[in-house]
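J.: Let me give you the structure first, and then I'll get to my questions.
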Amino acid sequence: MTDQQSLERRYKLFEQVFQDINKKFMKPPSHVELEFDTSFQDFFDSYRKYICETDPILGKYKKFQYTGSNYDNLQIGTTYREFDMDILVRLPAQCNRTLNIITPGYVQIKLDILPTLDAEKTKIVKSWLDQNNFITPDNFRKWGESLMTRSLNKLDNHVLKGSKGEYKLKMKKSGPAFTMNVQKINSALQFDVDIVFCLVFEQWPASFHKINNNVTVNEWLAVPKTPNSLVNQGYKDWRYSFPQAEKYKLGNYMNLKNTIRMMKKLRDTNNMNYLASYYIKTLFLWEVDKQEPQFWQKNLGYLFVKMVGELYKAVENKRLDFYWNKEVNLLAGLSVNQLENCKITLKRLLEQIETFAEAKTPDAIRKILLTENEKKLA
């Protein structure tokens, strides 16, 4: 028996407990989840026609894309649902663009607007530019905010009528996103939709990590978010993002997404919310490269302990490379205290897991995965 096979047998005893936690505490009941999803789709189908009518650029050069944890089927929580939506704007063909990568993880976009672009669209595109013809995230966001505001003002009392109900809408800004709080009228149901206006490109920059030679997922996004160090410097750096490619990369491996969700539950229960979900997702993007597909068919107990251990190594080394550009350390944004607290917490949790496995007390793992209220319901 190999060492790996021995570890698989050691942690298999947690499998049934994990399945029980997944069933009871990771998602709403199926009928509630269906109501969330149906209501979101109804809101989305009804709202986008309003926003598309407010601007000629958005009416012609756009598409809407779901993204985030819900899109990836990685969201956890039993009562409250959040949705993410990117509004993807494709630059008109009459705009020649030059892409520069000065800061790793970010891109600058310079435009040369050709005289063949009509006057109305030229005026809009010029509103995005600085004096040197770079599109700035701030100008682009202001344009998006104007569209959101105008679309809301078309609705009486900000109430949207869908085919399956009516929805009271409230908007607030949150980083690069605009968060739309959606309250279904005559219902207790409510949810948030984070809406981000992005630029979409199809030419894959040479410096980016390829998925593999057999996959042609070339679309990538420029998100209007800049490094914190450049915020007050008339910045023009956009964060690049690859939601479609990452969704493909994580695929439908048997226990991969179950393991991610369980690690997010461990993080939330143990007050490590400074560990962004994207850090955990990135850990798995790298692991998929290392492992054969059948690796993810192993029992959930083994995969969970293995990946918590990988997270501990990354935190101990204070480094987790961005999957698409190794020059970017995702953990650089955490403070010294956060990294130290995280390392101590993860070490303690791994030691507890080993104690539970040695004592053959699988139910004890609920202590580190469930909140005090959840333990009463377990």
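Residue numbers start at 1 in each chain; chains themselves are named A, B, ... in the order of the structure tokens; ligands are numbered from 1 in the order shown.
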Hey, what's within 7 Å of Met180 of chain A if we count only C-alpha atoms and toss same-chain stuff fewer than 2 positions away? As a list in words, please?

T.: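 Contacts, with the query itself left out: Leu169, Lys170, Met171, Lys172, Phe178, Val182, Asp192, Val193 and Asp194 of chain A.
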
J.: I'd like the neighbourhood of Arg81 of chain A as a compact mmCIF listing (two decimals) with C-alpha atoms, in the first residue's frame, where a residue qualifies if any of its atoms comes within 12 Å (using only C-alpha atoms), though same-chain residues fewer than 6 positions away should be ignored.

T.:
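Wrote it out as selection-v1.txt, contents follow:
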# COMPACT_ATOMS: atom_id res chain seq x y z
CA MET A 26 -24.29 24.33 2.16
CA LYS A 27 -27.34 25.17 0.07
CA PRO A 28 -30.94 26.23 0.62
CA VAL A 32 -35.99 27.65 -2.04
CA GLU A 33 -33.00 27.45 -4.37
CA LEU A 34 -35.35 27.02 -7.32
CA GLU A 35 -37.27 30.14 -6.25
CA PHE A 36 -34.02 32.14 -6.00
CA ASP A 37 -32.83 31.00 -9.41
CA SER A 39 -36.66 34.95 -9.61
CA PHE A 40 -33.14 36.01 -10.54
CA GLY A 68 -18.81 34.48 -9.61
CA SER A 69 -19.45 31.66 -7.15
CA ASN A 70 -23.03 31.04 -8.27
CA TYR A 71 -21.92 30.77 -11.93
CA ASN A 73 -21.57 26.35 -8.64
CA LEU A 74 -19.32 27.13 -5.67
CA GLN A 75 -21.61 29.34 -3.56
CA ASN A 181 -30.55 44.69 -4.08
CA VAL A 182 -33.64 42.95 -5.40
CA GLN A 183 -36.67 42.52 -3.13
CA LEU A 189 -37.33 36.63 -0.96
CA GLN A 190 -34.49 39.02 -1.68
CA PHE A 191 -31.07 38.73 -3.25
CA ASP A 192 -28.15 40.87 -4.38
CA VAL A 193 -26.82 41.09 -7.91
CA ASP A 194 -23.28 42.43 -8.32

J.: Pick out the residues sitting within 12 Å of segment 54-60 of chain A, and hand them over as a PyMOL selection string; count only C-alpha atoms, and ignore anything fewer than 3 positions along from it in its own chain.

T.: chain A and resi 47-51+63-64+87-93+117-125+143-154+197-199

J.: Write out as a ChimeraX atom specification the residues lying within 8 Å of Phe242 of chain A, counting only C-alpha atoms and excluding same-chain residues fewer than 6 positions away.

T.: /A:219-221

J.: What's the 9 Å shell around segment 11-24 of chain A, counting only C-alpha atoms, without same-chain residues fewer than 5 positions away, as number ranges by chain?

T.: A: 6, 29, 78, 258, 261-262, 299-305, 354, 357, 360-363, 365-366, 369-370, 377-378

J.: Where does DSSP see alpha helix (DSSP H) in segment 147-253 of chain A, if you list the residues as a list of chain:residue names?

T.: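 After running DSSP on the backbone, segment 147-253 of chain A has alpha helix (DSSP H) at A:Leu147, A:Met148, A:Thr149, A:Arg150, A:Ser151, A:Leu152, A:Asn153, A:Pro243, A:Gln244, A:Ala245, A:Glu246, A:Lys247, A:Tyr248, A:Lys249, A:Leu250.
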
J.: Go ahead and save the residues from that selection, with N, CA and C atoms, as an mmCIF file, in the first residue's frame.

T.:
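Result saved to result-v9.cif:
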data_model
loop_
_atom_site.group_PDB
_atom_site.id
_atom_site.type_symbol
_atom_site.label_atom_id
_atom_site.label_comp_id
_atom_site.auth_asym_id
_atom_site.auth_seq_id
_atom_site.Cartn_x
_atom_site.Cartn_y
_atom_site.Cartn_z
ATOM 1 N N LEU A 147 -25.595 54.729 -16.809
ATOM 2 C CA LEU A 147 -26.563 53.818 -17.435
ATOM 3 C C LEU A 147 -27.457 53.155 -16.394
ATOM 4 N N MET A 148 -26.847 52.711 -15.294
ATOM 5 C CA MET A 148 -27.624 52.064 -14.239
ATOM 6 C C MET A 148 -28.658 53.033 -13.662
ATOM 7 N N THR A 149 -28.228 54.270 -13.421
ATOM 8 C CA THR A 149 -29.125 55.269 -12.830
ATOM 9 C C THR A 149 -30.273 55.586 -13.779
ATOM 10 N N ARG A 150 -29.937 55.798 -15.058
ATOM 11 C CA ARG A 150 -30.982 56.130 -16.035
ATOM 12 C C ARG A 150 -31.972 54.980 -16.204
ATOM 13 N N SER A 151 -31.469 53.752 -16.194
ATOM 14 C CA SER A 151 -32.380 52.612 -16.353
ATOM 15 C C SER A 151 -33.314 52.485 -15.147
ATOM 16 N N LEU A 152 -32.774 52.735 -13.942
ATOM 17 C CA LEU A 152 -33.620 52.685 -12.744
ATOM 18 C C LEU A 152 -34.685 53.777 -12.767
ATOM 19 N N ASN A 153 -34.295 54.945 -13.245
ATOM 20 C CA ASN A 153 -35.232 56.069 -13.251
ATOM 21 C C ASN A 153 -36.362 55.888 -14.255
ATOM 22 N N PRO A 243 -13.050 34.475 -16.417
ATOM 23 C CA PRO A 243 -14.073 33.604 -15.814
ATOM 24 C C PRO A 243 -14.447 32.395 -16.669
ATOM 25 N N GLN A 244 -14.559 32.565 -17.978
ATOM 26 C CA GLN A 244 -14.925 31.432 -18.829
ATOM 27 C C GLN A 244 -13.837 30.366 -18.826
ATOM 28 N N ALA A 245 -12.592 30.806 -18.965
ATOM 29 C CA ALA A 245 -11.487 29.856 -18.991
ATOM 30 C C ALA A 245 -11.361 29.114 -17.663
ATOM 31 N N GLU A 246 -11.578 29.827 -16.542
ATOM 32 C CA GLU A 246 -11.481 29.185 -15.233
ATOM 33 C C GLU A 246 -12.617 28.195 -15.031
ATOM 34 N N LYS A 247 -13.803 28.543 -15.499
ATOM 35 C CA LYS A 247 -14.930 27.606 -15.389
ATOM 36 C C LYS A 247 -14.639 26.328 -16.171
ATOM 37 N N TYR A 248 -14.082 26.487 -17.365
ATOM 38 C CA TYR A 248 -13.723 25.315 -18.160
ATOM 39 C C TYR A 248 -12.640 24.506 -17.443
ATOM 40 N N LYS A 249 -11.650 25.209 -16.899
ATOM 41 C CA LYS A 249 -10.519 24.540 -16.271
ATOM 42 C C LYS A 249 -10.957 23.664 -15.104
ATOM 43 N N LEU A 250 -11.869 24.173 -14.282
ATOM 44 C CA LEU A 250 -12.328 23.401 -13.125
ATOM 45 C C LEU A 250 -13.294 22.302 -13.519
#

J.: Contacts of Ala314 of chain A at 12 Å or less, counting only C-alpha atoms, minus same-chain residues fewer than 3 places along, as an mmCIF file with N, CA and C atoms, in the first residue's frame?

T.:
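Writing done, so here's around.cif:
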data_model
loop_
_atom_site.group_PDB
_atom_site.id
_atom_site.type_symbol
_atom_site.label_atom_id
_atom_site.label_comp_id
_atom_site.auth_asym_id
_atom_site.auth_seq_id
_atom_site.Cartn_x
_atom_site.Cartn_y
_atom_site.Cartn_z
ATOM 1 N N LEU A 275 -9.396 35.553 3.605
ATOM 2 C CA LEU A 275 -8.992 34.638 2.533
ATOM 3 C C LEU A 275 -10.073 34.670 1.455
ATOM 4 N N TYR A 279 -8.766 33.083 -3.843
ATOM 5 C CA TYR A 279 -7.515 32.440 -3.438
ATOM 6 C C TYR A 279 -7.704 30.920 -3.409
ATOM 7 N N ILE A 280 -8.827 30.496 -2.831
ATOM 8 C CA ILE A 280 -9.101 29.057 -2.751
ATOM 9 C C ILE A 280 -9.290 28.482 -4.151
ATOM 10 N N THR A 282 -7.989 29.591 -6.896
ATOM 11 C CA THR A 282 -6.686 29.561 -7.561
ATOM 12 C C THR A 282 -5.870 28.356 -7.121
ATOM 13 N N LEU A 283 -5.938 28.030 -5.848
ATOM 14 C CA LEU A 283 -5.236 26.849 -5.335
ATOM 15 C C LEU A 283 -5.641 25.603 -6.126
ATOM 16 N N TRP A 286 -4.274 25.472 -9.866
ATOM 17 C CA TRP A 286 -2.923 24.934 -9.923
ATOM 18 C C TRP A 286 -2.919 23.416 -9.692
ATOM 19 N N MET A 307 -6.074 19.424 0.432
ATOM 20 C CA MET A 307 -6.112 20.795 -0.061
ATOM 21 C C MET A 307 -6.010 21.825 1.071
ATOM 22 N N VAL A 308 -6.506 21.492 2.258
ATOM 23 C CA VAL A 308 -6.263 22.381 3.402
ATOM 24 C C VAL A 308 -4.759 22.431 3.679
ATOM 25 N N GLY A 309 -4.104 21.298 3.526
ATOM 26 C CA GLY A 309 -2.653 21.263 3.682
ATOM 27 C C GLY A 309 -1.939 22.117 2.646
ATOM 28 N N GLU A 310 -2.437 22.100 1.390
ATOM 29 C CA GLU A 310 -1.844 22.930 0.335
ATOM 30 C C GLU A 310 -2.050 24.416 0.634
ATOM 31 N N LEU A 311 -3.210 24.749 1.179
ATOM 32 C CA LEU A 311 -3.463 26.132 1.558
ATOM 33 C C LEU A 311 -2.516 26.565 2.680
ATOM 34 N N ASN A 317 4.337 30.030 3.255
ATOM 35 C CA ASN A 317 5.328 30.600 2.337
ATOM 36 C C ASN A 317 4.992 32.030 1.924
ATOM 37 N N LYS A 318 3.822 32.501 2.362
ATOM 38 C CA LYS A 318 3.355 33.854 2.031
ATOM 39 C C LYS A 318 3.283 34.079 0.528
ATOM 40 N N ARG A 319 2.913 33.029 -0.205
ATOM 41 C CA ARG A 319 2.878 33.162 -1.668
ATOM 42 C C ARG A 319 1.839 32.218 -2.283
ATOM 43 N N LEU A 320 0.987 32.809 -3.122
ATOM 44 C CA LEU A 320 0.074 32.055 -3.965
ATOM 45 C C LEU A 320 0.048 32.754 -5.318
ATOM 46 N N ASP A 321 0.657 32.134 -6.311
ATOM 47 C CA ASP A 321 0.762 32.763 -7.626
ATOM 48 C C ASP A 321 -0.604 32.847 -8.302
ATOM 49 N N ASN A 329 1.591 37.766 -6.850
ATOM 50 C CA ASN A 329 1.362 36.995 -5.630
ATOM 51 C C ASN A 329 0.042 37.437 -5.021
ATOM 52 N N LEU A 330 -0.966 36.584 -5.061
ATOM 53 C CA LEU A 330 -2.287 36.959 -4.566
ATOM 54 C C LEU A 330 -2.280 37.264 -3.067
ATOM 55 N N LEU A 331 -1.378 36.628 -2.327
ATOM 56 C CA LEU A 331 -1.355 36.835 -0.878
ATOM 57 C C LEU A 331 -0.663 38.132 -0.480
ATOM 58 N N ALA A 332 -0.107 38.852 -1.449
ATOM 59 C CA ALA A 332 0.577 40.114 -1.134
ATOM 60 C C ALA A 332 -0.385 41.148 -0.560
ATOM 61 N N LEU A 339 -1.754 37.046 7.719
ATOM 62 C CA LEU A 339 -1.033 35.842 7.306
ATOM 63 C C LEU A 339 -0.640 35.000 8.511
ATOM 64 N N GLU A 340 -0.171 35.652 9.575
ATOM 65 C CA GLU A 340 0.243 34.909 10.762
ATOM 66 C C GLU A 340 -0.961 34.251 11.439
ATOM 67 N N CYS A 342 -3.737 33.400 10.034
ATOM 68 C CA CYS A 342 -4.215 32.336 9.157
ATOM 69 C C CYS A 342 -3.345 31.093 9.295
ATOM 70 N N LYS A 343 -2.041 31.288 9.334
ATOM 71 C CA LYS A 343 -1.125 30.146 9.485
ATOM 72 C C LYS A 343 -1.384 29.403 10.792
ATOM 73 N N LEU A 346 -4.843 27.558 10.548
ATOM 74 C CA LEU A 346 -4.804 26.373 9.687
ATOM 75 C C LEU A 346 -3.997 25.242 10.323
#

J.: Could you give me, as a PDB file with N, CA and C atoms, in the first residue's frame, each residue of segment 39-193 of chain A that DSSP assigns to strand (DSSP E or B) when run on this structure's backbone?

T.:
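The new file out30.pdb reads:
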ATOM      1  N   LYS A  62     -22.617  44.669 -26.776  1.00  0.00           N
ATOM      2  CA  LYS A  62     -22.636  44.105 -25.432  1.00  0.00           C
ATOM      3  C   LYS A  62     -23.093  42.662 -25.439  1.00  0.00           C
ATOM      4  N   LYS A  63     -22.758  41.983 -24.346  1.00  0.00           N
ATOM      5  CA  LYS A  63     -23.423  40.730 -23.988  1.00  0.00           C
ATOM      6  C   LYS A  63     -23.394  40.636 -22.474  1.00  0.00           C
ATOM      7  N   PHE A  64     -24.245  39.790 -21.933  1.00  0.00           N
ATOM      8  CA  PHE A  64     -24.362  39.637 -20.489  1.00  0.00           C
ATOM      9  C   PHE A  64     -23.852  38.245 -20.116  1.00  0.00           C
ATOM     10  N   GLN A  65     -23.072  38.192 -19.056  1.00  0.00           N
ATOM     11  CA  GLN A  65     -22.473  36.916 -18.664  1.00  0.00           C
ATOM     12  C   GLN A  65     -22.574  36.735 -17.154  1.00  0.00           C
ATOM     13  N   TYR A  66     -23.084  35.576 -16.743  1.00  0.00           N
ATOM     14  CA  TYR A  66     -23.069  35.238 -15.326  1.00  0.00           C
ATOM     15  C   TYR A  66     -21.633  34.922 -14.930  1.00  0.00           C
ATOM     16  N   THR A  67     -21.287  35.233 -13.694  1.00  0.00           N
ATOM     17  CA  THR A  67     -19.937  34.937 -13.217  1.00  0.00           C
ATOM     18  C   THR A  67     -19.999  34.725 -11.706  1.00  0.00           C
ATOM     19  N   ARG A  81     -28.910  34.393  -1.122  1.00  0.00           N
ATOM     20  CA  ARG A  81     -28.179  34.111  -2.354  1.00  0.00           C
ATOM     21  C   ARG A  81     -27.667  35.404  -2.977  1.00  0.00           C
ATOM     22  N   GLU A  82     -26.483  35.335  -3.516  1.00  0.00           N
ATOM     23  CA  GLU A  82     -25.885  36.444  -4.245  1.00  0.00           C
ATOM     24  C   GLU A  82     -25.580  35.989  -5.662  1.00  0.00           C
ATOM     25  N   PHE A  83     -25.796  36.874  -6.597  1.00  0.00           N
ATOM     26  CA  PHE A  83     -25.534  36.572  -7.999  1.00  0.00           C
ATOM     27  C   PHE A  83     -24.548  37.608  -8.536  1.00  0.00           C
ATOM     28  N   ASP A  84     -23.783  37.198  -9.531  1.00  0.00           N
ATOM     29  CA  ASP A  84     -22.820  38.096 -10.163  1.00  0.00           C
ATOM     30  C   ASP A  84     -23.082  38.116 -11.659  1.00  0.00           C
ATOM     31  N   MET A  85     -23.048  39.314 -12.215  1.00  0.00           N
ATOM     32  CA  MET A  85     -23.292  39.458 -13.639  1.00  0.00           C
ATOM     33  C   MET A  85     -22.317  40.479 -14.215  1.00  0.00           C
ATOM     34  N   ASP A  86     -21.633  40.101 -15.272  1.00  0.00           N
ATOM     35  CA  ASP A  86     -20.777  41.031 -15.997  1.00  0.00           C
ATOM     36  C   ASP A  86     -21.507  41.507 -17.239  1.00  0.00           C
ATOM     37  N   ILE A  87     -21.482  42.809 -17.460  1.00  0.00           N
ATOM     38  CA  ILE A  87     -21.970  43.376 -18.714  1.00  0.00           C
ATOM     39  C   ILE A  87     -20.738  43.624 -19.569  1.00  0.00           C
ATOM     40  N   LEU A  88     -20.584  42.830 -20.610  1.00  0.00           N
ATOM     41  CA  LEU A  88     -19.371  42.828 -21.410  1.00  0.00           C
ATOM     42  C   LEU A  88     -19.538  43.762 -22.599  1.00  0.00           C
ATOM     43  N   VAL A  89     -18.652  44.728 -22.691  1.00  0.00           N
ATOM     44  CA  VAL A  89     -18.695  45.725 -23.760  1.00  0.00           C
ATOM     45  C   VAL A  89     -17.536  45.450 -24.714  1.00  0.00           C
ATOM     46  N   CYS A  95     -12.284  51.318 -33.565  1.00  0.00           N
ATOM     47  CA  CYS A  95     -11.345  51.753 -32.525  1.00  0.00           C
ATOM     48  C   CYS A  95     -10.130  50.825 -32.540  1.00  0.00           C
ATOM     49  N   ASN A  96      -9.010  51.336 -32.986  1.00  0.00           N
ATOM     50  CA  ASN A  96      -7.770  50.571 -32.883  1.00  0.00           C
ATOM     51  C   ASN A  96      -7.292  50.630 -31.437  1.00  0.00           C
ATOM     52  N   ARG A  97      -6.884  49.472 -30.923  1.00  0.00           N
ATOM     53  CA  ARG A  97      -6.482  49.437 -29.517  1.00  0.00           C
ATOM     54  C   ARG A  97      -5.060  48.919 -29.360  1.00  0.00           C
ATOM     55  N   THR A  98      -4.358  49.465 -28.375  1.00  0.00           N
ATOM     56  CA  THR A  98      -3.024  49.000 -28.007  1.00  0.00           C
ATOM     57  C   THR A  98      -3.064  48.595 -26.539  1.00  0.00           C
ATOM     58  N   LEU A  99      -2.629  47.370 -26.237  1.00  0.00           N
ATOM     59  CA  LEU A  99      -2.640  46.859 -24.869  1.00  0.00           C
ATOM     60  C   LEU A  99      -1.224  46.858 -24.320  1.00  0.00           C
ATOM     61  N   ASN A 100      -1.059  47.451 -23.153  1.00  0.00           N
ATOM     62  CA  ASN A 100       0.240  47.485 -22.487  1.00  0.00           C
ATOM     63  C   ASN A 100       0.119  46.870 -21.105  1.00  0.00           C
ATOM     64  N   TYR A 106      -2.298  43.458 -14.486  1.00  0.00           N
ATOM     65  CA  TYR A 106      -3.137  44.567 -14.950  1.00  0.00           C
ATOM     66  C   TYR A 106      -2.740  44.945 -16.378  1.00  0.00           C
ATOM     67  N   VAL A 107      -3.662  45.602 -17.070  1.00  0.00           N
ATOM     68  CA  VAL A 107      -3.441  45.973 -18.460  1.00  0.00           C
ATOM     69  C   VAL A 107      -3.889  47.422 -18.679  1.00  0.00           C
ATOM     70  N   GLN A 108      -3.179  48.121 -19.535  1.00  0.00           N
ATOM     71  CA  GLN A 108      -3.565  49.457 -19.960  1.00  0.00           C
ATOM     72  C   GLN A 108      -4.076  49.388 -21.398  1.00  0.00           C
ATOM     73  N   ILE A 109      -5.113  50.177 -21.694  1.00  0.00           N
ATOM     74  CA  ILE A 109      -5.783  50.097 -22.993  1.00  0.00           C
ATOM     75  C   ILE A 109      -5.794  51.489 -23.625  1.00  0.00           C
ATOM     76  N   LYS A 110      -5.091  51.616 -24.734  1.00  0.00           N
ATOM     77  CA  LYS A 110      -5.035  52.890 -25.447  1.00  0.00           C
ATOM     78  C   LYS A 110      -5.807  52.767 -26.750  1.00  0.00           C
ATOM     79  N   LEU A 111      -6.591  53.796 -27.082  1.00  0.00           N
ATOM     80  CA  LEU A 111      -7.453  53.745 -28.263  1.00  0.00           C
ATOM     81  C   LEU A 111      -7.085  54.814 -29.275  1.00  0.00           C
ATOM     82  N   ASP A 112      -7.271  54.441 -30.526  1.00  0.00           N
ATOM     83  CA  ASP A 112      -7.228  55.389 -31.641  1.00  0.00           C
ATOM     84  C   ASP A 112      -8.578  55.279 -32.346  1.00  0.00           C
ATOM     85  N   ILE A 113      -9.424  56.276 -32.149  1.00  0.00           N
ATOM     86  CA  ILE A 113     -10.775  56.238 -32.716  1.00  0.00           C
ATOM     87  C   ILE A 113     -10.730  56.692 -34.173  1.00  0.00           C
ATOM     88  N   LEU A 129     -11.955  58.205 -22.104  1.00  0.00           N
ATOM     89  CA  LEU A 129     -10.520  58.382 -22.295  1.00  0.00           C
ATOM     90  C   LEU A 129      -9.941  59.497 -21.432  1.00  0.00           C
ATOM     91  N   PHE A 134      -5.956  56.912 -23.176  1.00  0.00           N
ATOM     92  CA  PHE A 134      -6.096  55.654 -22.449  1.00  0.00           C
ATOM     93  C   PHE A 134      -7.505  55.593 -21.855  1.00  0.00           C
ATOM     94  N   ILE A 135      -8.143  54.424 -21.921  1.00  0.00           N
ATOM     95  CA  ILE A 135      -9.425  54.241 -21.227  1.00  0.00           C
ATOM     96  C   ILE A 135      -9.118  54.120 -19.735  1.00  0.00           C
ATOM     97  N   VAL A 159     -39.593  50.000  -9.311  1.00  0.00           N
ATOM     98  CA  VAL A 159     -40.225  48.670  -9.284  1.00  0.00           C
ATOM     99  C   VAL A 159     -40.200  48.102 -10.699  1.00  0.00           C
ATOM    100  N   LEU A 160     -39.572  46.951 -10.831  1.00  0.00           N
ATOM    101  CA  LEU A 160     -39.454  46.268 -12.118  1.00  0.00           C
ATOM    102  C   LEU A 160     -40.532  45.195 -12.221  1.00  0.00           C
ATOM    103  N   LYS A 161     -41.260  45.194 -13.318  1.00  0.00           N
ATOM    104  CA  LYS A 161     -42.282  44.177 -13.544  1.00  0.00           C
ATOM    105  C   LYS A 161     -41.700  43.060 -14.408  1.00  0.00           C
ATOM    106  N   GLU A 166     -42.999  41.102  -9.327  1.00  0.00           N
ATOM    107  CA  GLU A 166     -42.498  42.473  -9.352  1.00  0.00           C
ATOM    108  C   GLU A 166     -41.377  42.599  -8.327  1.00  0.00           C
ATOM    109  N   TYR A 167     -40.412  43.477  -8.639  1.00  0.00           N
ATOM    110  CA  TYR A 167     -39.192  43.544  -7.846  1.00  0.00           C
ATOM    111  C   TYR A 167     -38.846  44.994  -7.527  1.00  0.00           C
ATOM    112  N   LYS A 168     -38.633  45.263  -6.252  1.00  0.00           N
ATOM    113  CA  LYS A 168     -38.193  46.575  -5.800  1.00  0.00           C
ATOM    114  C   LYS A 168     -36.664  46.595  -5.851  1.00  0.00           C
ATOM    115  N   LEU A 169     -36.095  47.614  -6.527  1.00  0.00           N
ATOM    116  CA  LEU A 169     -34.661  47.645  -6.766  1.00  0.00           C
ATOM    117  C   LEU A 169     -34.000  48.796  -6.010  1.00  0.00           C
ATOM    118  N   LYS A 170     -32.844  48.510  -5.432  1.00  0.00           N
ATOM    119  CA  LYS A 170     -32.009  49.541  -4.806  1.00  0.00           C
ATOM    120  C   LYS A 170     -30.579  49.296  -5.250  1.00  0.00           C
ATOM    121  N   MET A 171     -29.863  50.375  -5.575  1.00  0.00           N
ATOM    122  CA  MET A 171     -28.502  50.244  -6.089  1.00  0.00           C
ATOM    123  C   MET A 171     -27.492  50.930  -5.178  1.00  0.00           C
ATOM    124  N   LYS A 172     -26.316  50.321  -5.037  1.00  0.00           N
ATOM    125  CA  LYS A 172     -25.206  50.961  -4.338  1.00  0.00           C
ATOM    126  C   LYS A 172     -23.907  50.566  -5.036  1.00  0.00           C
ATOM    127  N   LYS A 173     -22.878  51.411  -4.876  1.00  0.00           N
ATOM    128  CA  LYS A 173     -21.565  51.119  -5.464  1.00  0.00           C
ATOM    129  C   LYS A 173     -20.738  50.308  -4.480  1.00  0.00           C
ATOM    130  N   SER A 174     -19.960  49.371  -5.033  1.00  0.00           N
ATOM    131  CA  SER A 174     -19.100  48.539  -4.202  1.00  0.00           C
ATOM    132  C   SER A 174     -17.879  48.138  -5.022  1.00  0.00           C
ATOM    133  N   ALA A 177     -17.952  47.047  -8.789  1.00  0.00           N
ATOM    134  CA  ALA A 177     -19.308  46.546  -9.029  1.00  0.00           C
ATOM    135  C   ALA A 177     -20.359  47.555  -8.579  1.00  0.00           C
ATOM    136  N   PHE A 178     -21.527  47.409  -9.165  1.00  0.00           N
ATOM    137  CA  PHE A 178     -22.737  48.076  -8.684  1.00  0.00           C
ATOM    138  C   PHE A 178     -23.623  46.966  -8.135  1.00  0.00           C
ATOM    139  N   THR A 179     -23.958  47.062  -6.867  1.00  0.00           N
ATOM    140  CA  THR A 179     -24.764  46.015  -6.241  1.00  0.00           C
ATOM    141  C   THR A 179     -26.228  46.408  -6.296  1.00  0.00           C
ATOM    142  N   MET A 180     -27.016  45.564  -6.939  1.00  0.00           N
ATOM    143  CA  MET A 180     -28.452  45.777  -7.030  1.00  0.00           C
ATOM    144  C   MET A 180     -29.129  44.859  -6.015  1.00  0.00           C
ATOM    145  N   ASN A 181     -29.749  45.472  -5.015  1.00  0.00           N
ATOM    146  CA  ASN A 181     -30.550  44.692  -4.080  1.00  0.00           C
ATOM    147  C   ASN A 181     -31.935  44.516  -4.674  1.00  0.00           C
ATOM    148  N   VAL A 182     -32.369  43.271  -4.762  1.00  0.00           N
ATOM    149  CA  VAL A 182     -33.638  42.946  -5.404  1.00  0.00           C
ATOM    150  C   VAL A 182     -34.567  42.332  -4.363  1.00  0.00           C
ATOM    151  N   GLN A 183     -35.658  42.998  -4.076  1.00  0.00           N
ATOM    152  CA  GLN A 183     -36.672  42.518  -3.134  1.00  0.00           C
ATOM    153  C   GLN A 183     -37.925  42.163  -3.912  1.00  0.00           C
ATOM    154  N   LYS A 184     -38.293  40.891  -3.877  1.00  0.00           N
ATOM    155  CA  LYS A 184     -39.507  40.474  -4.568  1.00  0.00           C
ATOM    156  C   LYS A 184     -40.720  40.952  -3.776  1.00  0.00           C
ATOM    157  N   GLN A 190     -35.314  37.942  -1.157  1.00  0.00           N
ATOM    158  CA  GLN A 190     -34.485  39.024  -1.676  1.00  0.00           C
ATOM    159  C   GLN A 190     -33.097  38.476  -1.984  1.00  0.00           C
ATOM    160  N   PHE A 191     -32.417  39.142  -2.891  1.00  0.00           N
ATOM    161  CA  PHE A 191     -31.069  38.731  -3.250  1.00  0.00           C
ATOM    162  C   PHE A 191     -30.316  39.936  -3.793  1.00  0.00           C
ATOM    163  N   ASP A 192     -29.002  39.826  -3.819  1.00  0.00           N
ATOM    164  CA  ASP A 192     -28.147  40.866  -4.377  1.00  0.00           C
ATOM    165  C   ASP A 192     -27.595  40.404  -5.718  1.00  0.00           C
ATOM    166  N   VAL A 193     -27.468  41.352  -6.636  1.00  0.00           N
ATOM    167  CA  VAL A 193     -26.822  41.088  -7.915  1.00  0.00           C
ATOM    168  C   VAL A 193     -25.677  42.088  -8.055  1.00  0.00           C
TER     169      VAL A 193
END

J.: A:Val288, A:Asn132, A:Pro227, A:Arg239: which is nearest Gly333 of chain A, counting only C-alpha atoms?

T.: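 Under the stated criterion, the closest residue is A:Pro227.
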
J.: Neighbours of Gln297 of chain A within 7 Å (only C-alpha atoms; same-chain residues fewer than 3 positions away dropped), as a list in words?

T.: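 Neighbouring residues, sequence-local ones excluded: Met254, Asn255 and Gln294 of chain A.
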
J.: Hey, can you spit out that residue selection with N, CA, C and O atoms as a PDB file, in the first residue's frame?

T.:
ATOM      1  N   MET A 254     -15.408  15.032 -10.293  1.00  0.00           N
ATOM      2  CA  MET A 254     -16.389  14.477  -9.346  1.00  0.00           C
ATOM      3  C   MET A 254     -16.444  15.217  -8.007  1.00  0.00           C
ATOM      4  O   MET A 254     -17.481  15.725  -7.609  1.00  0.00           O
ATOM      5  N   ASN A 255     -15.329  15.291  -7.299  1.00  0.00           N
ATOM      6  CA  ASN A 255     -15.358  15.857  -5.940  1.00  0.00           C
ATOM      7  C   ASN A 255     -14.611  17.178  -5.820  1.00  0.00           C
ATOM      8  O   ASN A 255     -14.452  17.696  -4.705  1.00  0.00           O
ATOM      9  N   GLN A 294      -8.724  11.590 -12.712  1.00  0.00           N
ATOM     10  CA  GLN A 294      -9.266  10.604 -11.765  1.00  0.00           C
ATOM     11  C   GLN A 294      -8.890  10.908 -10.313  1.00  0.00           C
ATOM     12  O   GLN A 294      -9.474  10.340  -9.382  1.00  0.00           O
TER      13      GLN A 294
END
